[in-house]
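S.K.: Please read through the structure below; I'll follow up with questions.
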Amino acid sequence: MSKLIVLHRLKVENANAIAGLTWGFPAITHFLGYTHALSRKLEASHGITLSGCGVVCHSHQVHAHTSGRDYQFALTRNPLTREGKTAAFNEEGRMHMTVSLLLECHGEIANGDAGFRALEEHIETLCQTQKLAGGSITGMRNVRVHELTAAKDIWREIRYSLMPCFVLLDRSSLLETHFQQLQQQQSDVDKLDAWLDFAALKMKSDESGNWQYQPKPEAGGYLVPLMTGWQRISPLYEAGTVANARDAESPFCFAEAVYGVGEWRGMHRIATPEDAFWRYRTTETGYYCCGPLVHEDDELEADAELEADEPIIFDDI
């Protein structure tokens with residue numbers, strides 16, 4: 001039977017806030033890469049593996065400032081060169097964030113409850129030694145291991161222990177729907193045009209000359225553009241044939257970012273942990289991260305369940 005490992009409130013400093021053409025939160029590839037690295041270590045030590053990863057955000061602070069309209073990243077000041085000039089550097093977007101991770105675990109954990117507690121202590125030490133989205137983990141609340149069963153009481157207890165927070169869901173199906181609607185109106189549009197309707201801030205003037213922000217397509221939640229993987233754009237070259245490659249012992253290809261649409265949804269609207277899990281898949285053409293299809297019926301069911309519950313008492317933040 002699968003287990004659910006909850007990493008409660010990881011405090012991350014100087015994480016990467018730029019993800020391809022988007023900024024403000026790390027790409028989902030960072031979190032699945034963190035999960036994969038942790039899974040390899042746990043497989044060697046305990047014979048268990050991790051697959052799905054749910055991303056829960058409690059707070060975030062992007063290192064940026066604004067004069068009222070556009071934002072600029074707060075960059076570090078590097079030492080001058082020997083000639084007394086400013087050294088060249090690449091612009092970096094950084095942020096502090098507090099996140100919790102829901103990890104789907106497969107494998108047997110020996111010794112019952114004692115084995116669960118020992119695994120929690122081991123993971124609590126291990127997970128803080130890894131970088132998350134390029135940032136340093138400076139602290140966390142705790143680690144808990146649960147049986148991933150169909151019992152609603154268990155998931156309700158886990159859900160309440162994480163609130164208040166928002167969960168990142170995959171809503172790329174809305175992008176496909178919007179793209180099909182645009183094609184009916186204009187045949188020469190492509191998916192980039194459809195994606196920009198979700199990513200760009202657009203304004204339109206009404207009859208009286210007042211400018212108003214346009215809502216995002218399929219508006220029904222807090223939708224955000226996401227980077228969701230990598231797409232190969234060149235043939236696969238043999239190892240060592242491409243100059244200046246980082247790894248001269250592995251085959252090499254050039255790749256570009258893949259984009260989708262996500263939604264930040266309140267934890268109280270997540271009916272089951274499977275609804276929050278992201279997973280990756282690899283093909284001959286790329287590396288892709290995706291989550292389960294989210295239906296509005298699931299959201300309504302979770303809301304109805306919440307109304308019937310007892311009053312919520314949040315953990316101390």
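Residues in the structure tokens are numbered from 1 in each chain, the chains being A, B, ... in the order shown, and ligands are numbered from 1 in the order shown.
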As a count of residues only, which residues of range 92-162 of chain A does DSSP assign to alpha helix (DSSP H)?

M.R.: 27

S.K.: How would you write, as an MDAnalysis selection string, the set of residues in range 207-294 of chain A that DSSP gives as strand (DSSP E)?

M.R.: chainID A and resid 211:213 222:232 255:266 279:282 286:290

S.K.: Counting only C-alpha atoms, what is within 6 Å of range 121-137 of chain A, bar same-chain residues fewer than 3 positions away, as number ranges by chain?

M.R.: A: 11-16, 30, 118, 143

S.K.: Give me the residues near Ser250 in chain A as a ChimeraX atom specification, where near means some atom within 12 Å (using only C-alpha atoms) and where sequence neighbours in that chain fewer than 6 positions away do not count.

M.R.: /A:236-242

S.K.: Could you pull the residues within 10 Å of Leu42 in chain A, counting only C-alpha atoms, minus those fewer than 5 positions along the same chain, as a PDB file with N, CA and C atoms, in the first residue's frame?

M.R.:
ATOM      1  N   HIS A  36      12.923  13.388  -6.982  1.00  0.00           N
ATOM      2  CA  HIS A  36      13.684  12.300  -7.601  1.00  0.00           C
ATOM      3  C   HIS A  36      15.014  12.075  -6.882  1.00  0.00           C
ATOM      4  N   ALA A  37      15.701  13.176  -6.545  1.00  0.00           N
ATOM      5  CA  ALA A  37      16.981  13.047  -5.832  1.00  0.00           C
ATOM      6  C   ALA A  37      16.776  12.422  -4.456  1.00  0.00           C
ATOM      7  N   GLY A  47      14.935   1.111   0.714  1.00  0.00           N
ATOM      8  CA  GLY A  47      14.229   0.315  -0.278  1.00  0.00           C
ATOM      9  C   GLY A  47      12.867   0.860  -0.656  1.00  0.00           C
ATOM     10  N   ILE A  48      12.633   2.158  -0.484  1.00  0.00           N
ATOM     11  CA  ILE A  48      11.367   2.778  -0.863  1.00  0.00           C
ATOM     12  C   ILE A  48      11.621   3.820  -1.942  1.00  0.00           C
ATOM     13  N   THR A  49      10.601   4.107  -2.732  1.00  0.00           N
ATOM     14  CA  THR A  49      10.727   5.085  -3.814  1.00  0.00           C
ATOM     15  C   THR A  49       9.617   6.120  -3.695  1.00  0.00           C
ATOM     16  N   LEU A  50       9.881   7.298  -4.256  1.00  0.00           N
ATOM     17  CA  LEU A  50       8.920   8.392  -4.281  1.00  0.00           C
ATOM     18  C   LEU A  50       8.513   8.650  -5.724  1.00  0.00           C
ATOM     19  N   LEU A 119      11.837   6.480  10.174  1.00  0.00           N
ATOM     20  CA  LEU A 119      11.930   7.021   8.813  1.00  0.00           C
ATOM     21  C   LEU A 119      11.714   8.529   8.818  1.00  0.00           C
ATOM     22  N   HIS A 122      14.902  10.168   9.856  1.00  0.00           N
ATOM     23  CA  HIS A 122      15.909  10.069   8.805  1.00  0.00           C
ATOM     24  C   HIS A 122      15.628  11.070   7.686  1.00  0.00           C
ATOM     25  N   ILE A 123      14.378  11.168   7.245  1.00  0.00           N
ATOM     26  CA  ILE A 123      14.028  12.084   6.155  1.00  0.00           C
ATOM     27  C   ILE A 123      14.201  13.536   6.591  1.00  0.00           C
ATOM     28  N   LEU A 126      17.740  14.202   6.141  1.00  0.00           N
ATOM     29  CA  LEU A 126      18.185  14.059   4.752  1.00  0.00           C
ATOM     30  C   LEU A 126      17.664  15.168   3.863  1.00  0.00           C
TER      31      LEU A 126
END

S.K.: Between A:Tyr222, A:Tyr288, A:Phe166, A:Phe198, which has the minimum distance to Val258 in chain A (counting only C-alpha atoms)?

M.R.: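 Looking at the shortest contact to Val258 in chain A, the residue is A:Tyr288.
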
S.K.: Could you tell me how far CA of Leu201 in chain A lies from CA of Ser172 in chain A, in Å and to one decimal?

M.R.: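 Computing the Euclidean distance for CA of Leu201 in chain A and CA of Ser172 in chain A yields 18.6 Å.
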
S.K.: Would you compute the distance between CA of Arg279 in chain A and CA of Gly291 in chain A? Give it in Å to one decimal.

M.R.: 6.2 Å

S.K.: What lies within 10 Å of range 204-219 of chain A using only C-alpha atoms, ignoring chain neighbours under 6 positions off, as a list in words?

M.R.: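 The contact residues come out as Leu174, Leu175, Thr177, His178, Ala194, Trp195, Leu196, Asp197 and Phe198 of chain A.
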
S.K.: Using only C-alpha atoms, pick whichever of A:Leu148, A:Ile28, A:Ala243, A:Val6 has the shortest atom-to-atom distance to Tyr287 in chain A.

M.R.: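 Of all the options, A:Ile28 lies closest to Tyr287 in chain A.
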
S.K.: Just to confirm, what's the straight-line distance from CA of Gly52 in chain A to CA of Ala276 in chain A in Å (one decimal)?

M.R.: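 Computing the Euclidean distance for CA of Gly52 in chain A and CA of Ala276 in chain A yields 8.6 Å.
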
S.K.: Considering only C-alpha atoms, state which residue in the set A:Glu263, A:Glu284, A:Glu108, A:Asp113 is at the smallest distance from Ile233 in chain A.

M.R.: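 Distance minimum relative to Ile233 in chain A lands on A:Glu284.
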
S.K.: Identify which of the residues A:His58, A:His65, A:Arg77, A:Arg94 lies closest to Pro164 in chain A, counting only C-alpha atoms when measuring atom-to-atom distances.

M.R.: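 For Pro164 in chain A, the nearest of the candidates is A:His58.
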
S.K.: Do a neighbour search on Glu147 in chain A at 7 Å with only C-alpha atoms, toss out local chain neighbours closer than 3 positions, and write the hits as number ranges by chain.

M.R.: A: 2-4

S.K.: Out of A:Leu168, A:Leu101, A:Ala248, A:Val261, which residue has the shortest atom-to-atom distance to Lys191 in chain A when counting only C-alpha atoms?

M.R.: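 For Lys191 in chain A, the nearest of the given residues is A:Val261.
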
S.K.: So, counting only C-alpha atoms, which residue among A:Pro225, A:Gly84, A:Gly54, A:Gly139 is closest to Leu21 in chain A?

M.R.: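 The answer is A:Pro225, which sits nearest to Leu21 in chain A.
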